[in-house]
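Asks: Input file: model-v2.txt. Contents: compact mmCIF, C-alpha atoms.
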# COMPACT_ATOMS: atom_id res chain seq x y z
CA MET A 49 -15.71 -46.86 -21.66
CA ARG A 50 -12.02 -46.03 -22.12
CA VAL A 51 -11.90 -44.18 -18.78
CA ALA A 52 -13.58 -47.07 -16.97
CA GLU A 53 -11.07 -49.51 -18.44
CA THR A 54 -8.13 -47.31 -17.39
CA ARG A 55 -9.51 -47.06 -13.86
CA ALA A 56 -10.05 -50.83 -13.65
CA VAL A 57 -6.52 -51.57 -14.87
CA ASN A 58 -5.05 -49.09 -12.38
CA ARG A 59 -7.09 -50.59 -9.53
CA ALA A 60 -5.92 -54.09 -10.45
CA LEU A 61 -2.27 -53.01 -10.61
CA ARG A 62 -2.49 -51.22 -7.26
CA LYS A 63 -4.06 -54.27 -5.67
CA ALA A 64 -1.46 -56.60 -7.19
CA TYR A 65 1.44 -54.48 -5.95
CA GLY A 66 -0.07 -53.52 -2.60
CA ILE A 67 -0.23 -49.78 -3.27
CA GLY A 68 -2.69 -48.00 -1.02
CA LEU A 69 -2.99 -44.77 -3.00
CA CYS A 70 -5.27 -44.03 -5.94
CA SER A 71 -4.10 -42.95 -9.37
CA VAL A 72 -4.56 -39.53 -10.92
CA GLU A 73 -7.05 -40.95 -13.41
CA GLU A 74 -9.35 -42.03 -10.58
CA LEU A 75 -9.43 -38.64 -8.90
CA GLY A 76 -11.66 -37.20 -11.61
CA SER A 77 -11.52 -33.68 -12.94
CA PHE A 78 -11.32 -30.58 -10.81
CA SER A 79 -14.05 -28.11 -11.74
CA GLY A 80 -12.41 -25.10 -10.07
CA SER A 81 -14.89 -24.94 -7.19
CA ALA A 82 -13.88 -24.83 -3.54
CA SER A 83 -14.49 -28.55 -3.00
CA PRO A 84 -13.40 -31.48 -5.16
CA THR A 85 -16.08 -33.56 -6.85
CA ARG A 86 -16.91 -37.02 -5.58
CA ASP A 87 -17.91 -39.99 -7.71
CA HIS A 88 -21.05 -42.00 -6.99
CA GLY A 89 -22.12 -39.90 -3.98
CA GLN A 90 -19.57 -41.32 -1.55
CA SER A 91 -20.15 -40.43 2.09
CA THR A 92 -17.86 -38.01 3.86
CA LYS A 93 -17.12 -40.50 6.65
CA PRO A 94 -13.52 -41.72 6.66
CA HIS A 95 -13.03 -45.36 5.80
CA SER A 96 -10.76 -47.09 8.30
CA LEU A 97 -10.61 -50.63 7.00
CA ASN A 98 -7.27 -51.98 8.16
CA GLY A 99 -5.53 -48.66 7.73
CA SER A 100 -5.72 -44.93 7.93
CA ASN A 101 -6.77 -42.10 5.67
CA ASN A 102 -3.54 -40.13 6.00
CA GLY A 103 -2.10 -41.32 2.70
CA GLN A 104 -0.21 -44.22 4.28
CA PRO A 105 -0.72 -47.74 2.91
CA ARG A 106 -2.93 -50.04 4.92
CA LEU A 107 -1.19 -52.56 7.20
CA ARG A 108 -2.26 -55.44 4.99
CA ASP A 109 -0.81 -53.70 1.94
CA ARG A 110 2.48 -53.01 3.71
CA LEU A 111 2.70 -56.66 4.73
CA CYS A 112 1.93 -57.84 1.18
CA VAL A 113 4.66 -55.60 -0.22
CA LEU A 114 7.21 -56.99 2.25
CA ILE A 115 6.22 -60.56 1.37
CA ARG A 116 6.64 -59.86 -2.36
CA GLN A 117 9.87 -57.87 -1.99
CA HIS A 118 11.63 -60.59 -0.04
CA GLY A 119 10.00 -63.64 -1.65
CA LEU A 120 8.45 -64.95 1.58
CA ASP A 121 5.74 -67.57 1.99
CA PRO A 122 2.54 -65.71 2.95
CA THR A 123 1.12 -68.64 4.93
CA LEU A 124 4.24 -68.92 7.04
CA VAL A 125 4.38 -65.15 7.55
CA LYS A 126 0.78 -65.21 8.77
CA ALA A 127 1.56 -68.01 11.25
CA TYR A 128 4.67 -66.17 12.45
CA ALA A 129 2.68 -62.94 12.83
CA ALA A 130 0.02 -64.61 14.97
CA ASP A 131 2.73 -66.13 17.17
CA PHE A 132 4.60 -62.82 17.37
CA CYS A 133 1.39 -61.04 18.44
CA GLY A 134 0.50 -63.80 20.92
CA THR A 135 -2.91 -64.46 19.40
CA PRO A 136 -4.44 -67.61 17.91
CA THR A 137 -5.03 -65.82 14.61
CA LEU A 138 -3.68 -62.61 13.14
CA LYS A 139 -7.23 -61.26 12.88
CA GLU A 140 -7.45 -61.08 16.67
CA ALA A 141 -4.24 -59.05 17.10
CA SER A 142 -4.39 -55.34 17.91
CA ARG A 143 -3.30 -52.77 15.34
CA ASP A 144 -0.27 -51.79 17.45
CA LEU A 145 0.93 -55.40 17.60
CA VAL A 146 0.53 -55.83 13.84
CA GLU A 147 2.43 -52.58 13.20
CA SER A 148 5.17 -53.81 15.50
CA PHE A 149 5.31 -57.13 13.65
CA ILE A 150 5.55 -55.42 10.26
CA SER A 151 8.43 -53.25 11.48
CA HIS A 152 10.15 -56.32 12.92
CA LEU A 153 9.64 -58.27 9.70
CA ALA A 154 10.99 -55.42 7.55
CA THR A 155 14.07 -55.02 9.73
CA THR A 156 14.80 -58.74 9.91
CA ALA A 157 14.28 -59.24 6.16
CA LYS A 158 16.59 -56.35 5.37
CA GLU A 159 19.33 -57.32 7.84
CA ASN A 160 19.37 -61.09 7.43
CA ARG A 161 16.82 -62.71 5.14
CA ASP A 162 18.26 -66.21 5.64
CA VAL A 163 17.60 -66.12 9.39
CA LEU A 164 14.06 -64.95 8.71
CA VAL A 165 13.44 -67.76 6.21
CA CYS A 166 14.69 -70.31 8.78
CA LYS A 167 12.37 -68.82 11.38
CA LEU A 168 9.43 -68.94 8.94
CA ASN A 169 10.20 -72.53 7.99
CA SER A 170 9.79 -73.51 11.64
CA TYR A 171 6.08 -72.66 11.21
CA ALA A 172 5.64 -75.06 8.27
CA GLN A 173 3.22 -77.91 8.85
CA PRO A 174 4.76 -81.37 8.38
CA VAL A 175 3.44 -83.20 5.33
CA GLU A 176 2.36 -86.81 5.74
CA VAL A 177 3.79 -89.20 3.21
CA LYS A 178 1.49 -92.03 2.11
CA LEU A 179 3.13 -95.23 1.05
The structure in this file should be written as structure tokens.
Replies:
Amino acid sequence: MRVAETRAVNRALRKAYGIGLCSVEELGSFSGSASPTRDHGQSTKPHSLNGSNNGQPRLRDRLCVLIRQHGLDPTLVKAYAADFCGTPTLKEASRDLVESFISHLATTAKENRDVLVCKLNSYAQPVEVKL
């Protein structure tokens, strides 16, 4: 029970902070055999959901980290990303375009956050005022 709780807490923290790697506690023990043990009979096929299996964070995680680091509005970033990629929604953009956007966003946020915030604010929807 204690191990399950530790794993759950670590998973929640990784998800909250956009970390794409697992913790040591979740790897399980190494029995000394030639191949590491796998929990719950996982298949040997690589999972490629929005990322790669080369130890790099998934694109979505990288984008979430940038949004948190620089205090950006996620809705406006999503609208800006779709416009940057030239697609109606970000879901329809190719992986290369999304990678390019993330690099652009990181560079712009680092060099001049105020300009980026102004650009993002241009994607805000006007709010109707009822009198």
Asks: Of the residues A:Ala52, A:Ala60, A:Tyr65, A:Lys139, which is the one nearest to Ala127 of chain A, using only C-alpha atoms?
Replies: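 Result for the nearest residue to Ala127 of chain A: A:Lys139.
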Asks: Please indicate the distance in Å from atom CA of Ala141 of chain A to atom CA of Lys158 of chain A, rounded to one decimal place.
Replies: 24.1 Å
Asks: Restricting the calculation to all atoms listed in the file, which member of A:Val163, A:Ala154, A:Val51, A:Leu138 is positioned closest to His118 of chain A?
Replies: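 That would be A:Ala154, the residue with the smallest distance to His118 of chain A.
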Asks: So how far away is atom CA of Glu53 of chain A from atom CA of Leu114 of chain A, in Å?
Replies: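 Those two atoms sit 28.6 Å apart.
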Asks: To one decimal place, how far is atom CA of Glu147 of chain A from atom CA of Ala172 of chain A in Å?
Replies: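 Rounded to one decimal, the two atoms are 23.2 Å apart.
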Asks: Considering all atoms listed in the file, return as a list of chain:residue names whatever protein or nucleic-acid residues lie within 9 Å of Val146 of chain A, sequence-local ones (same chain, fewer than 6 positions apart) excluded.
Replies: A:Leu107, A:Ala129, A:Ala130, A:Phe132, A:Cys133, A:Leu138
